[in-house]
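Below is one structure; the comments refer to it alone.
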There are 2 protein chains.
Amino acid sequence: SMNPDLASERQTASFSVEKLTALLDGGTEQTRIRRAVVEAIESDPVFSRENQYFQTQNERYEAAVRKAVHLQKKMHEMGWTENGPEYKYIYRALSGDVAFLLHRVFMRSISVLGSDKQIAKWIPLATQHKLIGSYAQTELGHGTYLQGLETTAVFDTATQEFILNTPKISAMKWWPGDMGRSATHTVVFAQLYIHGKCYGIHPFIVQIRSLQDHSLCPGVTAGDIGPKMSFEHIDNGYLLLKNVRIPRENMLSKFCEVRPDGTYVRQGSQQINYFTMTTVRISLISDEVLTPLMKACTIAIRYSVVRRQSKLKPGEQEAKILDYQTQQEKLLPQLAAAYAFHFINDYLQELFNRGYREIQRKNFDMLPELHALSSGFKAVITQHCTAGVEICLRACGGHGYSLLSGLPSLYTKILASCIYEGENTILLLQTARFLIKCFMAANAGQPVPPSVTYLAAVKHGKCPAKNKLDFLSPDIYTEAYQHVAVRLTSSTSAKLQDLIQSGVKKHDAWNQCTVQLVQAAKAHCHYIAVKNFAETVEKLETKAGIQKIMKHLCDLFALHGIFSNTGAFLHDGYTSAAQMDMVTASYLDLLAVIRKDAVPLVDAFDFTDKSLNSALGSYDGQVYQRLYEWAQRSPTNQMSPAYERYLKPLLHNTLSKL
Amino acid sequence: SMNPDLASERQTASFSVEKLTALLDGGTEQTRIRRAVVEAIESDPVFSRENQYFQTQNERYEAAVRKAVHLQKKMHEMGWTENGPEYKYIYRALSGDVAFLLHRVFMRSISVLGSDKQIAKWIPLATQHKLIGSYAQTELGHGTYLQGLETTAVFDTATQEFILNTPKISAMKWWPGDMGRSATHTVVFAQLYIHGKCYGIHPFIVQIRSLQDHSLCPGVTAGDIGPKMSFEHIDNGYLLLKNVRIPRENMLSKFCEVRPDGTYVRQGSQQINYFTMTTVRISLISDEVLTPLMKACTIAIRYSVVRRQSKLKPGEQEAKILDYQTQQEKLLPQLAAAYAFHFINDYLQELFNRGYREIQRKNFDMLPELHALSSGFKAVITQHCTAGVEICLRACGGHGYSLLSGLPSLYTKILASCIYEGENTILLLQTARFLIKCFMAANAGQPVPPSVTYLAAVKHGKCPAKNKLDFLSPDIYTEAYQHVAVRLTSSTSAKLQDLIQSGVKKHDAWNQCTVQLVQAAKAHCHYIAVKNFAETVEKLETKAGIQKIMKHLCDLFALHGIFSNTGAFLHDGYTSAAQMDMVTASYLDLLAVIRKDAVPLVDAFDFTDKSLNSALGSYDGQVYQRLYEWAQRSPTNQMSPAYERYLKPLLHNTLSKL
């Protein structure tokens, strides 16, 4: 039976939830396929996550391996293929709780970096799981700076082999998933040496465990790096190599080859490598970042209409906590951000597809812009969504802090997205470098990519808003965002030039501007996100109330950004203090408007109870029953030896006399 | 051997680390006593936390009970008593990893709320551990709003007993520590009913488990609430009561009594209850909030001078990551905040002691101010320190994400401090209510408590700073903070009055102002923290370089607050855009200055390696060795059944044919 406090929220929806779900999925057919995949996965007990919060790291790992192996069978049964329409929904349906993700990266590396011959040899073996692959790039001492990797691969012309070594402790490979306990092979990135000369980082296929009995190969030391904040299901590993010999053919050689006599030959373009990183950064946004924020919003908002605490009006019953302005101000901007980033993800995907088509025609012109946008948005979205999940967790008070709410594990996992695939600060500085370059080019009258043409048009006007309703005009707020992005880029560019002209060395000057460069990069992404949301709303059908509610969310997303960062908009007087008070008024008004549709807006994300795995977020809102029933099953309710060993002697005063 | 990159940082300290440690401790004698306690605890293997990151929740609980029992013996051996000078260092030395904390709250409740007779009966039993106590206030459905608690205690004149019930699932007691598995008794808060009339919430001593065999008493259902984000060592519990009868004498009756005939008698003042909450909120700041931030700073800053990544200057070796401006901007403001909050903690302690003396003289005048300050600072400090620990974690990249860094467990534990002992938003609104009341009183010419007299002096001037060096003047920035606090309080007060005058009902008007009221409360606390830091620096000896470095930190704390919240200072033109650029310049300059003393500044916190329990933060800086050695001991490096069960059949292609 549905909690009446939740049921009443659904009766007053201003729009069709089903239509919004279809919009998010990209069409009703996509919704149908997604639901079929979810149904097939969730009805199979092998994929259950029911006991996840009670399991040790070892148990989580074993379950993830079991699921990965079972998934092969399931796909066959269901007729799902890697190129079929169902494939992209499987990972989400499993909530990522599965092993062998790095096996897929292993395969992709070979496909992208390997010669045709290498592809023909290794891909079938990997596809049939005659080996389990991993990807060994990061070292204990090196993550961000790949040129600094210390693992070496020395070519031995006599035996036609590479000799691999991790010569220092800091050179040890560290973090690769699937490598700690599962993998038999891995792609090792190492400095290539031929006749004593270093040719830089290259990828090598190295077998690390026996295919017969899984024992470590000679010269190989490997294991699991131990407990982490999350990812208990993944065996992130370490790898030491001592004079491990591999055949010449094992260097991935699409772009570079070592001939038998030791001649080094470079062929083709390496620009494609940027494109690979871009692919990964864009692809992680949806599954690893947006989905957790959407789940957190679903849990926190459903809980906030079921939880009643204190009284708004004396004499009435206790109020739903979502009726408090402070609770709305915590949760609703996160909901708006989830939608904003969903639409920017569509934008990035489309840009990426366009870039891909161009690259296939050997046109690499879009790469710098794609790299800048994917880096910047990876950083901004992971940062924003991580903060959003944490806000949702805290907004549920004590119950949010219970693992059974589902929120702690969403938080501890999403946090990693700020670090992996490019640490966020580093990525924002890459975006900033692109911005500064384009800003200078634009001001020198040179052409720049479409997303940054606005940098050329520095306007010194003032925000034209006259009353609080004007701030519900996308033109007004989009222009304000644009103004801030231009100002931050141009002022930092000026500071940089001033420092250099005053004699500071270029790299020192850059370092002294990095805090402000990061601000500029964020402002750029924020502007594009707002603009894209507004344009998306513009294009929506006006039917079924969808456009109207999306417009409210777009306004909220934009005004929340201004309200939370007023200084940037006030700084040069573009926005006046009186206008800022209008922003605040409109922003607070919007909270009360969107609050009415809050539950339908999270229902549209269409998560099942099993996928939320949360005592607070279930569709029927029976929070307290679930918490109680679930807690009773906890291993902490089994008999503990602590009583006989410590408590009984203490209480019976039979501890050895003090 | 000490990592030379860390050693070099210590050689150039601008001040005496030992003298700063003594300042933080409150004198060299305090430092000596603290170190003796730490030495005694850390040399005893029973108190080891070495395997903590590898243990399950059950193992953590058992260890915490073992430690609590062993601590009794240890204290006796060492001659430590609850009133001795060593006592306050024990909990810190154990890093809080010990059971029976709620047993102490149980005792304090009886001491504060019990009659002399009750104290004489129960305190000796509890002191000798003839029972284990807990404190059962929070219910599944009620935390913040105590009047809403649903547990009932009905007086039965016939038997002279109270009959206790948790009549609905939402009335179940939920969260009390030590209750899930250990406690034999607890103080239950319940609605008192006599002859059908409700007299509100009262405390009752209830036995829940047998003193003979620890089985649950008749009518009692209790257990552990299961896994949480941290606090694995604590058995937070649930409790259901069904017609549990306790004698009339078990209602704690210092302030209220039920006579045998059912007459209800109220005696004494209940204002003292506020004082109890104040005590708890102030006392948790040091151990539960400041210590974790100081530890996180120690770990992250030591790591940041040992970790080298990328090159600042082409051709040179890779740079220490603390030499990057962005890394300084992450960590050094957290370091400054740790010092700022250490000094505000001293301020609150002193205020509290003064308040306590007054109360003993039956003068309750200080209570509202103490309540407002302790609530506001509890919220502001827990919020700030939690964010600070998270920043430290992220600033260590992947290695910060390993449990072995110590940072994840610091974060997941400190996060709870934002929720327990008063949820932060609720607390800030209590501070805001006090501010609004005082603001209106002050403007009506009535006297107000010392900490808020500044609200009467609304000045409409401008910030007088002429260049960036002026922003290193405490007068300049303290006044700016004061201005913002007054402005936010007065503008929100005005909005509130306007709404009420326009016909909005008082409670609705209040709700519509709460987002801004929270801002005002934060601004008030921030102003007092800056002012107190500046005054503390003023009073320091000028010797030994301590005053100078503390002045830098005070400046950084103040300017970071402005830099991160420029809108509040720009809003009404008190600070101009040009002045804000000066703030930014001075702020960024300070980062480079303080960076030089960063390691000595964390060394002064004087944490041992055992207390940090971190592979990244050790005194000798041998990060990579420690990570590797520690990881090898992880249970995830034991043989897993996953190979035989799943991997082998997959690799050998002996899975049942697909």
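Quick note on naming: the chains in the structure tokens go A, B, ... in the order shown, residues restart at 1 in each chain, and ligands are numbered from 1 in order of appearance.
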Quick one: everything within 8 Å of stretch 203-218 of chain A, counting only C-alpha atoms, minus sequence neighbours fewer than 5 positions away in the same chain. Send it as a ChimeraX atom specification. /A:131,183-190,244,246,250-252 /B:648,651-652
Store the residues picked out above, limited to all heavy atoms, as a short mmCIF file (atom, residue, chain, number, x, y, z; two decimals), in the first residue's frame.
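Dumped to again-v5.cif:
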data_model
loop_
_atom_site.label_atom_id
_atom_site.label_comp_id
_atom_site.auth_asym_id
_atom_site.auth_seq_id
_atom_site.Cartn_x
_atom_site.Cartn_y
_atom_site.Cartn_z
N LEU A 131 41.09 -15.33 -22.12
CA LEU A 131 41.98 -14.60 -21.22
C LEU A 131 41.13 -13.51 -20.58
O LEU A 131 40.02 -13.22 -21.04
CB LEU A 131 43.16 -14.00 -21.99
CG LEU A 131 42.85 -13.07 -23.18
CD1 LEU A 131 42.49 -11.66 -22.71
CD2 LEU A 131 44.05 -13.01 -24.11
N ALA A 183 42.79 -10.73 -13.56
CA ALA A 183 43.33 -10.67 -14.92
C ALA A 183 44.45 -11.67 -15.17
O ALA A 183 45.27 -11.96 -14.30
CB ALA A 183 43.83 -9.26 -15.21
N THR A 184 44.48 -12.15 -16.41
CA THR A 184 45.61 -12.98 -16.86
C THR A 184 46.55 -12.15 -17.73
O THR A 184 47.72 -12.49 -17.85
CB THR A 184 45.10 -14.17 -17.70
OG1 THR A 184 44.40 -13.65 -18.84
CG2 THR A 184 44.16 -15.04 -16.89
N HIS A 185 46.02 -11.11 -18.34
CA HIS A 185 46.82 -10.26 -19.21
C HIS A 185 46.55 -8.79 -18.88
O HIS A 185 45.52 -8.45 -18.29
CB HIS A 185 46.45 -10.49 -20.68
CG HIS A 185 46.92 -11.82 -21.21
ND1 HIS A 185 46.39 -13.01 -20.78
CD2 HIS A 185 47.87 -12.13 -22.14
CE1 HIS A 185 46.99 -14.01 -21.41
NE2 HIS A 185 47.89 -13.51 -22.25
N THR A 186 47.47 -7.94 -19.30
CA THR A 186 47.20 -6.53 -19.14
C THR A 186 47.99 -5.74 -20.19
O THR A 186 48.97 -6.25 -20.74
CB THR A 186 47.54 -6.05 -17.70
OG1 THR A 186 47.10 -4.71 -17.54
CG2 THR A 186 49.02 -6.15 -17.41
N VAL A 187 47.50 -4.54 -20.48
CA VAL A 187 48.27 -3.64 -21.34
C VAL A 187 49.09 -2.74 -20.44
O VAL A 187 48.53 -1.97 -19.65
CB VAL A 187 47.34 -2.79 -22.23
CG1 VAL A 187 48.14 -1.72 -22.98
CG2 VAL A 187 46.59 -3.66 -23.22
N VAL A 188 50.40 -2.89 -20.51
CA VAL A 188 51.31 -2.11 -19.66
C VAL A 188 51.85 -0.92 -20.44
O VAL A 188 52.35 -1.09 -21.56
CB VAL A 188 52.49 -2.98 -19.17
CG1 VAL A 188 53.55 -2.14 -18.48
CG2 VAL A 188 51.99 -4.08 -18.23
N PHE A 189 51.75 0.26 -19.87
CA PHE A 189 52.37 1.43 -20.48
C PHE A 189 53.75 1.62 -19.90
O PHE A 189 53.94 1.66 -18.69
CB PHE A 189 51.50 2.67 -20.26
CG PHE A 189 50.31 2.67 -21.18
CD1 PHE A 189 49.21 1.89 -20.90
CD2 PHE A 189 50.32 3.41 -22.37
CE1 PHE A 189 48.12 1.84 -21.78
CE2 PHE A 189 49.24 3.36 -23.24
CZ PHE A 189 48.15 2.57 -22.94
N ALA A 190 54.74 1.70 -20.77
CA ALA A 190 56.14 1.76 -20.31
C ALA A 190 56.96 2.63 -21.25
O ALA A 190 56.61 2.84 -22.41
CB ALA A 190 56.71 0.34 -20.27
N VAL A 244 60.65 -9.09 -17.00
CA VAL A 244 59.62 -9.88 -17.67
C VAL A 244 59.78 -9.70 -19.17
O VAL A 244 59.79 -8.58 -19.68
CB VAL A 244 58.21 -9.44 -17.23
CG1 VAL A 244 57.14 -10.14 -18.07
CG2 VAL A 244 58.01 -9.73 -15.74
N ILE A 246 58.71 -10.21 -23.09
CA ILE A 246 57.56 -10.45 -23.98
C ILE A 246 58.05 -10.32 -25.42
O ILE A 246 59.00 -9.60 -25.70
CB ILE A 246 56.42 -9.44 -23.73
CG1 ILE A 246 56.91 -8.00 -23.94
CG2 ILE A 246 55.82 -9.61 -22.35
CD1 ILE A 246 55.81 -6.98 -24.00
N ASN A 250 54.32 -8.02 -29.14
CA ASN A 250 53.36 -7.60 -28.11
C ASN A 250 53.32 -6.09 -27.87
O ASN A 250 52.56 -5.62 -27.04
CB ASN A 250 53.63 -8.33 -26.79
CG ASN A 250 53.01 -9.70 -26.75
OD1 ASN A 250 52.72 -10.27 -27.81
ND2 ASN A 250 52.78 -10.24 -25.57
N MET A 251 54.16 -5.34 -28.57
CA MET A 251 53.99 -3.89 -28.48
C MET A 251 52.87 -3.50 -29.43
O MET A 251 52.89 -3.86 -30.61
CB MET A 251 55.27 -3.15 -28.86
CG MET A 251 55.11 -1.64 -28.72
SD MET A 251 56.65 -0.73 -28.99
CE MET A 251 56.29 0.07 -30.55
N LEU A 252 51.88 -2.78 -28.92
CA LEU A 252 50.74 -2.40 -29.78
C LEU A 252 51.25 -1.40 -30.82
O LEU A 252 51.82 -0.37 -30.47
CB LEU A 252 49.60 -1.82 -28.95
CG LEU A 252 48.90 -2.85 -28.04
CD1 LEU A 252 47.83 -2.18 -27.18
CD2 LEU A 252 48.29 -3.98 -28.87
N LYS B 648 38.00 -19.97 -13.36
CA LYS B 648 38.57 -21.17 -13.97
C LYS B 648 37.62 -21.77 -15.01
O LYS B 648 38.02 -22.00 -16.16
CB LYS B 648 38.94 -22.19 -12.89
CG LYS B 648 39.80 -23.34 -13.38
CD LYS B 648 40.23 -24.20 -12.20
CE LYS B 648 40.87 -25.49 -12.65
NZ LYS B 648 41.14 -26.38 -11.49
N LEU B 651 37.67 -19.42 -18.06
CA LEU B 651 38.90 -19.43 -18.85
C LEU B 651 39.11 -20.78 -19.52
O LEU B 651 39.63 -20.85 -20.64
CB LEU B 651 40.11 -19.11 -17.95
CG LEU B 651 40.19 -17.66 -17.48
CD1 LEU B 651 41.15 -17.52 -16.30
CD2 LEU B 651 40.63 -16.75 -18.62
N HIS B 652 38.73 -21.85 -18.84
CA HIS B 652 38.94 -23.18 -19.41
C HIS B 652 37.77 -23.60 -20.30
O HIS B 652 37.71 -24.73 -20.74
CB HIS B 652 39.17 -24.21 -18.30
CG HIS B 652 40.47 -24.02 -17.60
ND1 HIS B 652 41.06 -24.96 -16.81
CD2 HIS B 652 41.34 -22.97 -17.60
CE1 HIS B 652 42.21 -24.51 -16.33
NE2 HIS B 652 42.39 -23.30 -16.80
#
Could you please tell me, as a ChimeraX atom specification, which residues of chain A have an atom within 6 Å of chain B when using only C-alpha atoms? /A:58,62,73,129-130,145,224-229,310,326,397,401-403,408,419,515,566-567,571,577,631,634,636-637,642,651
Deliver the residues from the most recent selection as a file, using N, CA and C atoms, as a PDB file, in the first residue's frame.
ATOM      1  N   ASN A  58      35.651  -8.796   0.151  1.00  0.00           N
ATOM      2  CA  ASN A  58      35.846 -10.081  -0.525  1.00  0.00           C
ATOM      3  C   ASN A  58      34.529 -10.610  -1.100  1.00  0.00           C
ATOM      4  N   GLU A  62      33.628 -11.266  -5.108  1.00  0.00           N
ATOM      5  CA  GLU A  62      33.175 -12.566  -5.613  1.00  0.00           C
ATOM      6  C   GLU A  62      31.830 -12.450  -6.318  1.00  0.00           C
ATOM      7  N   LYS A  73      26.098 -15.523 -20.098  1.00  0.00           N
ATOM      8  CA  LYS A  73      25.040 -16.491 -20.335  1.00  0.00           C
ATOM      9  C   LYS A  73      23.709 -15.772 -20.592  1.00  0.00           C
ATOM     10  N   HIS A 129      36.688 -14.882 -23.832  1.00  0.00           N
ATOM     11  CA  HIS A 129      37.171 -15.024 -22.458  1.00  0.00           C
ATOM     12  C   HIS A 129      38.167 -16.161 -22.319  1.00  0.00           C
ATOM     13  N   LYS A 130      39.018 -16.320 -23.305  1.00  0.00           N
ATOM     14  CA  LYS A 130      40.118 -17.274 -23.124  1.00  0.00           C
ATOM     15  C   LYS A 130      41.254 -16.616 -22.353  1.00  0.00           C
ATOM     16  N   TYR A 145      50.585  12.798 -14.860  1.00  0.00           N
ATOM     17  CA  TYR A 145      51.662  13.143 -15.787  1.00  0.00           C
ATOM     18  C   TYR A 145      52.219  11.879 -16.426  1.00  0.00           C
ATOM     19  N   ASP A 224      46.064  -7.198  -4.749  1.00  0.00           N
ATOM     20  CA  ASP A 224      44.987  -6.221  -4.600  1.00  0.00           C
ATOM     21  C   ASP A 224      45.471  -5.062  -3.724  1.00  0.00           C
ATOM     22  N   ILE A 225      45.094  -3.832  -4.076  1.00  0.00           N
ATOM     23  CA  ILE A 225      45.603  -2.683  -3.304  1.00  0.00           C
ATOM     24  C   ILE A 225      44.840  -2.440  -2.016  1.00  0.00           C
ATOM     25  N   GLY A 226      43.855  -3.268  -1.722  1.00  0.00           N
ATOM     26  CA  GLY A 226      43.186  -3.149  -0.431  1.00  0.00           C
ATOM     27  C   GLY A 226      41.960  -2.270  -0.455  1.00  0.00           C
ATOM     28  N   PRO A 227      41.457  -1.922   0.743  1.00  0.00           N
ATOM     29  CA  PRO A 227      40.157  -1.250   0.832  1.00  0.00           C
ATOM     30  C   PRO A 227      40.178   0.187   0.338  1.00  0.00           C
ATOM     31  N   LYS A 228      39.097   0.559  -0.308  1.00  0.00           N
ATOM     32  CA  LYS A 228      38.931   1.925  -0.815  1.00  0.00           C
ATOM     33  C   LYS A 228      37.623   2.484  -0.277  1.00  0.00           C
ATOM     34  N   MET A 229      37.341   3.724  -0.614  1.00  0.00           N
ATOM     35  CA  MET A 229      36.140   4.364  -0.099  1.00  0.00           C
ATOM     36  C   MET A 229      34.882   3.716  -0.682  1.00  0.00           C
ATOM     37  N   SER A 310       8.273  18.575  12.960  1.00  0.00           N
ATOM     38  CA  SER A 310       7.940  19.917  13.468  1.00  0.00           C
ATOM     39  C   SER A 310       6.676  20.453  12.792  1.00  0.00           C
ATOM     40  N   THR A 326      14.000  25.799   3.466  1.00  0.00           N
ATOM     41  CA  THR A 326      15.406  25.381   3.496  1.00  0.00           C
ATOM     42  C   THR A 326      15.586  23.994   2.867  1.00  0.00           C
ATOM     43  N   GLY A 397      18.963  13.722   6.928  1.00  0.00           N
ATOM     44  CA  GLY A 397      19.289  13.608   8.350  1.00  0.00           C
ATOM     45  C   GLY A 397      19.893  12.261   8.687  1.00  0.00           C
ATOM     46  N   TYR A 401      22.138   8.824   6.608  1.00  0.00           N
ATOM     47  CA  TYR A 401      23.478   8.374   6.994  1.00  0.00           C
ATOM     48  C   TYR A 401      23.555   6.849   7.119  1.00  0.00           C
ATOM     49  N   SER A 402      22.381   6.210   7.223  1.00  0.00           N
ATOM     50  CA  SER A 402      22.350   4.744   7.236  1.00  0.00           C
ATOM     51  C   SER A 402      22.676   4.226   5.846  1.00  0.00           C
ATOM     52  N   LEU A 403      23.493   3.178   5.761  1.00  0.00           N
ATOM     53  CA  LEU A 403      23.775   2.588   4.442  1.00  0.00           C
ATOM     54  C   LEU A 403      22.487   2.140   3.767  1.00  0.00           C
ATOM     55  N   PRO A 408      24.771   6.790   1.195  1.00  0.00           N
ATOM     56  CA  PRO A 408      26.221   6.761   1.413  1.00  0.00           C
ATOM     57  C   PRO A 408      26.984   6.070   0.277  1.00  0.00           C
ATOM     58  N   ILE A 419      38.073  12.262  -9.552  1.00  0.00           N
ATOM     59  CA  ILE A 419      39.512  11.967  -9.570  1.00  0.00           C
ATOM     60  C   ILE A 419      39.915  11.157 -10.797  1.00  0.00           C
ATOM     61  N   VAL A 515      44.297  29.680 -10.120  1.00  0.00           N
ATOM     62  CA  VAL A 515      43.045  29.736  -9.354  1.00  0.00           C
ATOM     63  C   VAL A 515      41.972  30.466 -10.165  1.00  0.00           C
ATOM     64  N   THR A 566      26.838  35.143  -6.361  1.00  0.00           N
ATOM     65  CA  THR A 566      26.424  36.516  -6.684  1.00  0.00           C
ATOM     66  C   THR A 566      27.597  37.421  -7.032  1.00  0.00           C
ATOM     67  N   GLY A 567      28.732  37.201  -6.374  1.00  0.00           N
ATOM     68  CA  GLY A 567      29.876  38.084  -6.584  1.00  0.00           C
ATOM     69  C   GLY A 567      30.296  38.166  -8.038  1.00  0.00           C
ATOM     70  N   HIS A 571      30.271  41.807  -9.714  1.00  0.00           N
ATOM     71  CA  HIS A 571      31.621  42.371  -9.703  1.00  0.00           C
ATOM     72  C   HIS A 571      31.785  43.676 -10.474  1.00  0.00           C
ATOM     73  N   ALA A 577      22.855  45.557  -7.308  1.00  0.00           N
ATOM     74  CA  ALA A 577      22.376  44.941  -6.068  1.00  0.00           C
ATOM     75  C   ALA A 577      20.858  44.798  -6.097  1.00  0.00           C
ATOM     76  N   ALA A 631      17.029  -3.738   8.777  1.00  0.00           N
ATOM     77  CA  ALA A 631      18.014  -3.735   9.863  1.00  0.00           C
ATOM     78  C   ALA A 631      18.045  -5.089  10.576  1.00  0.00           C
ATOM     79  N   SER A 634      20.515  -7.537   9.335  1.00  0.00           N
ATOM     80  CA  SER A 634      21.939  -7.184   9.353  1.00  0.00           C
ATOM     81  C   SER A 634      22.769  -8.204  10.138  1.00  0.00           C
ATOM     82  N   THR A 636      24.958  -7.631  12.024  1.00  0.00           N
ATOM     83  CA  THR A 636      25.196  -7.111  13.379  1.00  0.00           C
ATOM     84  C   THR A 636      24.094  -7.538  14.335  1.00  0.00           C
ATOM     85  N   ASN A 637      23.084  -8.223  13.844  1.00  0.00           N
ATOM     86  CA  ASN A 637      22.079  -8.767  14.743  1.00  0.00           C
ATOM     87  C   ASN A 637      22.272 -10.253  14.994  1.00  0.00           C
ATOM     88  N   ALA A 642      31.385 -10.774  21.759  1.00  0.00           N
ATOM     89  CA  ALA A 642      31.749  -9.712  22.698  1.00  0.00           C
ATOM     90  C   ALA A 642      31.089  -9.906  24.058  1.00  0.00           C
ATOM     91  N   LEU A 651      30.178  -7.194  33.697  1.00  0.00           N
ATOM     92  CA  LEU A 651      28.934  -7.048  34.444  1.00  0.00           C
ATOM     93  C   LEU A 651      28.908  -7.944  35.687  1.00  0.00           C
TER      94      LEU A 651
END
Can you list, as a ChimeraX atom specification, every residue of stretch 188-385 of chain B that DSSP puts in alpha helix (DSSP H)? /B:271-284,291-306,325-360,367-385
Counting only C-alpha atoms, figure out which residue out of B:Gln11, B:Leu102, B:Ser618, B:Met366 gets nearest to B:Asn236. B:Leu102
note - atom CA of B:Thr478 and atom CA of B:His524 are separated by 11.5 Å
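Near B:Pro260, within 10 Å and counting only C-alpha atoms, sit Phe155, Asp156, Thr157, Ala158, Thr159, Gln160, Glu161, Arg248, Glu249, Glu257, Val258, Gly262, Thr263 and Tyr264 of chain B, not including residues fewer than 2 positions from it in the same chain.
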Between atom CA of B:Asp603 and atom CA of B:Arg302, what distance in Å does the model show, to one decimal? 9.1 Å
Could you tell me, as an NGL selection string, which residues of stretch 132-331 of chain B DSSP assigns to strand (DSSP E) when given the backbone? :B and (135-136 or 152-156 or 161-165 or 173-174 or 185-194 or 197-207 or 220-224 or 237-241 or 244-247 or 256-258 or 264-266)
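Our summary of the geometry notes that atom CA of B:Ser115 is positioned 5.3 Å from atom CA of B:Ser253.
Taking only C-alpha atoms into account, A:Phe434 lies nearest to A:His371 out of the set A:Gly388, A:Ala153, A:Ser491, A:His371.
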Near stretch 346-356 of chain B, counting only C-alpha atoms, which residues have an atom at most 8 Å away, once you skip same-chain residues fewer than 4 positions from it, shown as a PyMOL selection string? chain B and resi 279+282+342+360+364+366-367+370+373-374+532
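Nearest to B:Ile528 of all the residues B:Ile594, B:Val452, B:Val105, B:Ile391 is B:Val452, counting only C-alpha atoms.
The nearest approach to B:Ala126 among the residues B:Leu556, B:Met107, B:Ala520, B:Leu240, with only C-alpha atoms taken into account, belongs to B:Met107.
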